[in-house]
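Engineer: One file: input.txt (compact mmCIF, C-alpha atoms (C1' of nucleotides)).
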# COMPACT_ATOMS: atom_id res chain seq x y z
CA MET A 262 -10.00 -4.41 -15.64
CA ALA A 263 -7.30 -4.09 -18.21
CA ASN A 264 -4.37 -4.83 -16.00
CA PHE A 265 -3.95 -4.48 -12.28
CA PHE A 266 -1.87 -1.34 -12.40
CA GLU A 267 -4.28 0.47 -14.72
CA CYS A 268 -7.05 -0.08 -12.21
CA VAL A 269 -4.93 1.18 -9.38
CA TYR A 270 -4.12 4.35 -11.27
CA LYS A 271 -7.75 4.85 -12.13
CA CYS A 272 -8.85 4.54 -8.56
CA VAL A 273 -6.12 6.78 -7.26
CA ASN A 274 -7.20 9.38 -9.78
CA LYS A 275 -10.66 9.33 -8.26
CA ILE A 276 -9.41 10.40 -4.86
CA PRO A 277 -10.67 13.94 -4.34
CA ARG A 278 -8.23 16.74 -3.69
CA GLY A 279 -7.58 17.28 -0.02
CA GLN A 280 -8.38 13.71 0.93
CA VAL A 281 -6.39 10.53 1.28
CA ALA A 282 -7.07 6.82 0.88
CA THR A 283 -5.43 3.70 2.24
CA TYR A 284 -3.86 0.95 0.21
CA GLY A 285 -6.60 -1.36 1.39
CA GLN A 286 -9.27 0.94 0.04
CA ILE A 287 -7.71 1.04 -3.37
CA ALA A 288 -7.22 -2.69 -3.34
CA ALA A 289 -10.85 -3.22 -2.40
CA LEU A 290 -12.02 -0.92 -5.17
CA ILE A 291 -10.27 -2.93 -7.80
CA GLY A 292 -11.79 -6.11 -6.48
CA SER A 293 -8.95 -7.55 -4.40
CA PRO A 294 -9.23 -6.44 -0.79
CA ARG A 295 -5.94 -8.08 0.08
CA ALA A 296 -3.89 -6.83 -2.79
CA ALA A 297 -2.65 -3.80 -0.89
CA ARG A 298 0.95 -4.70 -1.59
CA GLN A 299 0.38 -4.49 -5.28
CA VAL A 300 -1.07 -1.05 -4.87
CA GLY A 301 2.19 -0.01 -3.35
CA TRP A 302 4.03 -1.62 -6.19
CA ALA A 303 1.94 0.16 -8.75
CA LEU A 304 2.68 3.49 -7.18
CA HIS A 305 6.32 2.62 -6.89
CA GLN A 306 6.52 2.22 -10.64
CA LEU A 307 5.16 5.69 -11.26
CA PRO A 308 7.55 8.38 -12.50
CA ALA A 309 8.14 11.42 -10.31
CA ASP A 310 6.40 13.70 -12.80
CA THR A 311 3.25 11.64 -13.08
CA THR A 312 -0.21 13.17 -12.91
CA ILE A 313 -1.41 10.39 -10.63
CA PRO A 314 -1.91 11.67 -7.08
CA TRP A 315 0.13 8.90 -5.55
CA HIS A 316 0.72 10.96 -2.44
CA ARG A 317 -2.93 10.53 -1.47
CA VAL A 318 -2.35 6.87 -0.86
CA ILE A 319 -1.02 5.84 2.55
CA ASN A 320 -1.08 2.80 4.78
CA ARG A 321 -3.89 1.94 7.13
CA PHE A 322 -2.31 3.78 10.07
CA GLY A 323 -2.31 7.00 8.11
CA GLU A 324 1.44 6.98 7.85
CA ILE A 325 3.73 7.62 4.93
CA SER A 326 5.62 4.42 4.46
CA THR A 327 7.52 5.04 1.29
CA THR A 328 11.27 4.75 1.34
CA CYS A 329 11.54 5.18 -2.38
CA ASP A 330 14.10 7.63 -3.66
CA THR A 331 11.82 9.27 -6.21
CA HIS A 332 8.87 9.38 -3.82
CA THR A 333 10.26 10.41 -0.50
CA ALA A 334 8.14 10.95 2.56
CA GLU A 335 9.15 14.57 2.54
CA LEU A 336 7.89 15.02 -1.00
CA GLN A 337 4.65 13.30 -0.17
CA LYS A 338 4.21 15.51 2.84
CA ILE A 339 4.71 18.64 0.77
CA LEU A 340 2.24 17.54 -1.86
CA LEU A 341 -0.35 16.75 0.78
CA GLN A 342 0.11 20.04 2.55
CA LYS A 343 -0.34 21.80 -0.77
CA GLU A 344 -3.79 20.27 -0.95
CA GLY A 345 -4.69 21.31 2.55
CA VAL A 346 -4.00 18.01 4.27
CA ARG A 347 -2.35 18.43 7.63
CA THR A 348 0.61 16.17 8.26
CA THR A 349 2.09 15.64 11.68
CA LYS A 350 5.60 14.43 12.31
CA ARG A 351 5.86 11.59 14.76
CA LYS A 352 8.67 10.64 17.09
CA ASP A 353 9.90 7.92 14.79
CA GLY A 354 10.25 10.45 12.01
CA LEU A 355 7.22 9.29 10.09
CA TRP A 356 4.57 11.68 8.91
CA TRP A 357 1.10 11.01 10.17
CA ILE A 358 -2.21 12.01 8.63
CA ASN A 359 -5.47 12.21 10.54
CA LEU A 360 -7.56 9.65 8.75
CA GLU A 361 -10.61 10.56 10.81
CA LYS A 362 -10.55 13.88 9.06
CA TYR A 363 -9.02 13.29 5.67
CA GLN A 364 -9.81 9.71 4.75
CA TRP A 365 -11.67 9.38 1.50
CA THR A 366 -14.97 7.61 2.06
CA THR A 367 -15.58 5.44 -0.96
CA PRO A 368 -19.19 5.35 -2.15
C1' DG B 108 12.18 -20.91 -16.07
C1' DA B 109 11.32 -20.76 -11.06
C1' DG B 110 11.38 -18.47 -6.88
C1' DC B 111 11.83 -14.33 -4.08
C1' DT B 112 10.66 -9.73 -2.90
C1' DG B 113 7.83 -5.78 -2.24
C1' DA B 114 4.91 1.76 -0.27
C1' DC B 115 0.14 -3.69 3.05
C1' DA B 116 -4.24 -5.59 4.82
C1' DA B 117 -7.56 -8.99 6.33
C1' DT B 118 -8.53 -13.28 8.63
C1' DA B 119 -7.82 -17.00 11.70
C1' DG B 120 -6.10 -18.89 15.97
C1' DG C 257 -8.03 -8.51 22.76
C1' DC C 258 -3.61 -9.45 20.47
C1' DT C 259 -0.21 -12.27 17.60
C1' DA C 260 0.79 -15.03 13.67
C1' DT C 261 -0.19 -16.38 9.08
C1' DT C 262 -1.97 -16.04 4.44
C1' DG C 263 -3.25 -13.53 0.17
C1' DC C 264 -2.58 -10.51 -3.52
C1' DC C 265 0.08 -9.75 -8.52
C1' DA C 266 3.97 -7.94 -10.99
C1' DG C 267 8.70 -7.20 -11.45
C1' DC C 268 13.36 -8.62 -10.52
C1' DT C 269 17.22 -11.89 -9.45
If you convert what's in this file into structure tokens, what do you get?
Structural biologist:
Amino acid sequence: MANFFECVYKCVNKIPRGQVATYGQIAALIGSPRAARQVGWALHQLPADTTIPWHRVINRFGEISTTCDTHTAELQKILLQKEGVRTTKRKDGLWWINLEKYQWTTP
DNA sequence: GAGCTGACAATAG
DNA sequence: GCTATTGCCAGCT
């Protein structure tokens, strides 16, 4: 791997349209199953107009956990819905994605 | 220059 | 079975 972030971006790019992956999955793919935090960091650094499908990456509960100003949960929800991923709003205001249905199964 | 923080997850107790 | 702790790596203070 070139650098950690590059690998993250590469893996995220591999996520098929209409599916989502967890931070742990991405971390595992780049060889560090416990580096989920860094995956979040990598996505946090991305500009709003990036081509990387950062919205397809969520936490292990299938929730949108970003509080970032450029990547709001609402924006992520919209992007996911555009791809045919159903998002459900929970009581606590978080958007929830049915991982059983939309989780990307890595080969 | 060193330590802390951060979109989390896996393992051990 | 659940709770607490450790690991990951880069950027920021």
Engineer: Listing only residues of chain A within 8 Å of chain C, what is the closest atom pair and its distance in Å (to one decimal) for each, using all atoms listed in the file, sorted by chain and residue number ascending, as a tab-separated table?
Structural biologist:
residue	atom	partner	partner_atom	distance
A:Phe265	CA	C:DC265	C1'	7.6
A:Ser293	CA	C:DC264	C1'	7.1
A:Arg295	CA	C:DC264	C1'	5.5
A:Ala296	CA	C:DC264	C1'	4.0
A:Ala297	CA	C:DC264	C1'	7.2
A:Arg298	CA	C:DC264	C1'	7.1
A:Gln299	CA	C:DC265	C1'	6.2
A:Trp302	CA	C:DA266	C1'	7.9
Engineer: What gap, in Å, lies between atom CA of A:Tyr284 and atom CA of A:Glu344?
Structural biologist: 19.4 Å
Engineer: Can you tell me how far atom CA of A:Ala289 sits from atom CA of A:Cys272, in Å to one decimal?
Structural biologist: 10.1 Å
Engineer: Which of these, A:Thr312, A:Thr328, A:Asn274, A:Asn264, has the shortest distance to chain B once you count all atoms listed in the file?
Structural biologist: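 Of all the options, A:Thr328 lies closest to chain B.
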Engineer: Only residues of chain A matter here; which ones have an atom within 12 Å of chain B, counting all atoms listed in the file? Give them as a ChimeraX atom specification.
Structural biologist: /A:283-289,293-307,315-322,324-334,337
Engineer: Check the smallest atom-to-atom distance from each of A:Pro314, A:Trp357, A:Leu336, A:Arg351 to A:Lys271 using only C-alpha atoms, then report the winner.
Structural biologist: A:Pro314
Engineer: Atom CA of A:Gln280 to atom CA of A:Tyr363: how many Å, to one decimal?
Structural biologist: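 If I compute the distance from atom CA of A:Gln280 to atom CA of A:Tyr363, I get 4.8 Å.
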Engineer: With 8 Å on each side, where is the centre of the axis-aligned box around all listed atoms of stretch 108-115 of chain B, and how long are its edges in Å to one decimal, as AutoDock Vina command-line options?
Structural biologist:
--center_x 6.2 --center_y -9.6 --center_z -6.5 --size_x 28.0 --size_y 38.7 --size_z 35.1
Engineer: Using all atoms listed in the file, which of the listed residues (A:Ala309, A:Gly323, A:Lys350, A:Cys268) sits closest to A:Lys362?
Structural biologist: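 Among A:Ala309, A:Gly323, A:Lys350, A:Cys268, it is A:Gly323 that comes nearest to A:Lys362.
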Engineer: Leaving out A:Lys275 and any residue of its chain fewer than 2 positions from it, which residues lie within 10 Å of it when counting all atoms listed in the file, given as an MDAnalysis selection string?
Structural biologist: chainID A and resid 270:273 277:278 313:314 365 367
